[in-house]
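Before any comments, here is the structure.
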Amino acid sequence: MLLQNKKILLGITGGIAAYKCAHLIRLFIKEGAEVKVIMTQAATEFITPQTASVLSKNTVITDFFDEAQNWNNHVHLAEWADFILFAPLTANTLAKFSSGICDNMVTACYLSARSLVFVAPAMDLDMYQHPTTKNNSALLAKNGNQIIPAESGELASGLSGEGRMAEPENIVDFIKNYLSKNLPLINKKVLVNAGPTFETIDPVRFIGNRSSGKTGIAIADEFASQGAEVTLVLGPSAHRPKNSSVKIISVESAEEMHQACITIFPNVDIAVLTAAVADYKPKAKELQKIKKIGEELNLELIKTKDILGDLGKLKKQQCLIGFALETENAIEYAKQKLQNKNLDIIIANTTSEKNPAFGSDFNTLTIIDKHNNLLNFELKSKLELAKDIVNYIKTFDGIK
Ligand code: CTP
């Protein structure tokens, strides 16, 4: 079910085909999607907001302000959506989209969209063929919108030809085809952890490490760009994912990271643990700042919980991937960790003066899986490595 739980914002503009949106909403709901509808004033002449509201089970927005003069936030609406569909898209609103005019809720949501946008144009034959319309449509396509071509048939004007809005079934098929081709991980849930952890010594000091979190963040971004629903449990890192759909849970200590990962893990398909988790933490957290008294200070440390190891024990259907950072015998140690922690895949990398790995934008690594396959990647950017890693995981043991 490609559309299961997908959040769809449907923008209806004022063409006769708007009446078909009642059926379109029902099809989306049947597919398990959640639908919110916005309409231009002209669209309300062809389908009532009440009809769309009953079918979508959501309030329908037709204006920047509702009856109680509350402002409808178009940015939040556009952010809420996994994708936005404008259907039918009239020649008029198409022209507004292509020139950036923003004079109603529908055009404002278009301009605020960060997600995927589909448009299903519908107009009379000559309007559809007009060079202006063709230019506007080409500009929308060039800007990354997906155009669902109009179909041929009888038009409201009495003419017959190209210009009818694609039938609702065809719109749904078009979107599903697009999603399965371009977002191959659309129904996968992924947990990634990244960054260092900070273990408190006293109110002003901690034990940390030099991890930047860049590799894990790049992996989270790559999974999201392939359609996966990604939760990133992020230690104290200065970096953030580019993809706004990545859900970030910020943590500081190994204990907090453990808690977050254990909670999320049962509901994911894939977990990639890249974080440089502290192996030891101070036995006691001093409540007051430690004063400089003696010549020596001994800190008593105790082991932290092994997050990856604990996920390995809890593992059911999930594909579990760990990292191994070594300074020597990388492959051998990595293979041991793969076995001991019940992993499916381990990614070995080394740190040395020549290739520091930590903090750098580049790295080399080796992927080893539980079937003893081994794949080396030469020095390349962490962004490219993230693509290689995600593409490897994607084809592993029936994930896709
Ligand atoms: N890891 C973890 N929890 C810890 C320590 C490590 O989940 N408390 C995870 C890391 O995120 C990484 C993997 O375990 O995916 C391997 O980390 P690494 O530091 O290489 O190995 P350790 O298990 O800590 O063993 P050692 O330090 O002895 O090599």
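Every chain in the structure tokens takes a letter, A first, then B, and so on in the order presented; its residues are numbered from 1, and the ligands are numbered from 1 following the presented order.
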
Mind listing the residues within 6 Å of ligand 1, only C-alpha atoms and all ligand atoms counted, as a ChimeraX atom specification? /A:273-279,304-308,322-325

With only C-alpha atoms counted and 12 Å as the cut-off, give the residues of range 27-119 of chain A in contact with range 242-263 of chain A, each with its shortest interatomic distance in Å and the pair that gives it, as a Markdown table.
```
| residue | atom | partner | partner_atom | distance |
| --- | --- | --- | --- | --- |
| A:Glu79 | CA | A:Ser244 | CA | 8.8 |
| A:Trp80 | CA | A:Ser245 | CA | 9.6 |
| A:Ala81 | CA | A:Ser245 | CA | 10.0 |
| A:Asp82 | CA | A:Ser245 | CA | 8.5 |
| A:Phe83 | CA | A:Ser245 | CA | 11.4 |
| A:Ala113 | CA | A:Ser244 | CA | 11.6 |
| A:Arg114 | CA | A:Ser244 | CA | 8.3 |
| A:Ser115 | CA | A:Ser245 | CA | 8.9 |
| A:Leu116 | CA | A:Ser245 | CA | 11.6 |
```

How about saving the chosen residues, all heavy atoms kept, as a compact mmCIF listing (two decimals), in the first residue's frame?
```txt
# COMPACT_ATOMS: atom_id res chain seq x y z
N GLU A 79 3.76 22.18 4.99
CA GLU A 79 4.78 21.36 5.67
C GLU A 79 4.20 20.02 6.11
O GLU A 79 4.89 19.01 6.14
CB GLU A 79 5.28 22.08 6.93
CG GLU A 79 6.52 22.91 6.67
CD GLU A 79 6.99 23.60 7.92
OE1 GLU A 79 6.36 23.43 8.99
OE2 GLU A 79 7.98 24.33 7.82
N TRP A 80 2.90 20.04 6.46
CA TRP A 80 2.24 18.82 6.95
C TRP A 80 2.25 17.72 5.88
O TRP A 80 2.41 16.54 6.17
CB TRP A 80 0.80 19.19 7.36
CG TRP A 80 -0.10 18.02 7.59
CD1 TRP A 80 -0.23 17.30 8.75
CD2 TRP A 80 -1.00 17.43 6.64
NE1 TRP A 80 -1.14 16.30 8.57
CE2 TRP A 80 -1.63 16.35 7.29
CE3 TRP A 80 -1.32 17.70 5.31
CZ2 TRP A 80 -2.57 15.55 6.65
CZ3 TRP A 80 -2.26 16.90 4.67
CH2 TRP A 80 -2.87 15.83 5.34
N ALA A 81 2.12 18.17 4.62
CA ALA A 81 1.88 17.20 3.54
C ALA A 81 3.13 16.41 3.15
O ALA A 81 4.21 16.96 3.06
CB ALA A 81 1.36 17.96 2.32
N ASP A 82 2.93 15.11 2.89
CA ASP A 82 4.00 14.33 2.25
C ASP A 82 4.09 14.72 0.79
O ASP A 82 5.15 14.72 0.20
CB ASP A 82 3.72 12.83 2.36
CG ASP A 82 3.84 12.36 3.80
OD1 ASP A 82 4.81 12.76 4.46
OD2 ASP A 82 2.97 11.60 4.25
N PHE A 83 2.92 14.98 0.19
CA PHE A 83 2.92 15.58 -1.15
C PHE A 83 1.63 16.36 -1.36
O PHE A 83 0.64 16.17 -0.64
CB PHE A 83 3.14 14.54 -2.26
CG PHE A 83 2.09 13.50 -2.40
CD1 PHE A 83 0.93 13.75 -3.12
CD2 PHE A 83 2.27 12.25 -1.82
CE1 PHE A 83 -0.04 12.77 -3.25
CE2 PHE A 83 1.30 11.26 -1.95
CZ PHE A 83 0.14 11.53 -2.67
N ALA A 113 5.31 25.17 -0.61
CA ALA A 113 5.55 23.71 -0.65
C ALA A 113 7.02 23.37 -0.60
O ALA A 113 7.82 23.94 -1.34
CB ALA A 113 4.93 23.13 -1.93
N ARG A 114 7.37 22.46 0.29
CA ARG A 114 8.73 21.92 0.30
C ARG A 114 8.69 20.47 -0.19
O ARG A 114 9.71 19.87 -0.46
CB ARG A 114 9.27 21.88 1.73
CG ARG A 114 9.62 23.23 2.26
CD ARG A 114 10.46 23.01 3.48
NE ARG A 114 10.56 24.21 4.28
CZ ARG A 114 11.04 24.22 5.50
NH1 ARG A 114 11.44 23.10 6.06
NH2 ARG A 114 11.13 25.33 6.16
N SER A 115 7.47 19.93 -0.21
CA SER A 115 7.34 18.52 -0.57
C SER A 115 7.13 18.39 -2.08
O SER A 115 7.10 19.37 -2.81
CB SER A 115 6.13 17.94 0.16
OG SER A 115 4.99 18.66 -0.22
N LEU A 116 6.94 17.17 -2.47
CA LEU A 116 6.65 16.83 -3.86
C LEU A 116 5.32 17.48 -4.27
O LEU A 116 4.37 17.49 -3.48
CB LEU A 116 6.50 15.32 -3.83
CG LEU A 116 6.57 14.49 -5.06
CD1 LEU A 116 7.85 14.76 -5.81
CD2 LEU A 116 6.51 13.03 -4.62
```

What are the DSSP alpha helix (DSSP H) residues of range 51-267 of chain A, as a ChimeraX atom specification? /A:51-56,74-80,91-99,105-112,125-129,131-142,168-182,214-225,254-264

Picked from range 141-366 of chain A by DSSP as strand (DSSP E or B), as a ChimeraX atom specification: /A:146-147,151-154,160-164,189-194,196,199-202,205-207,229-234,247-250,270-273,276,280-282,301-303,319-326,345-350,362-366
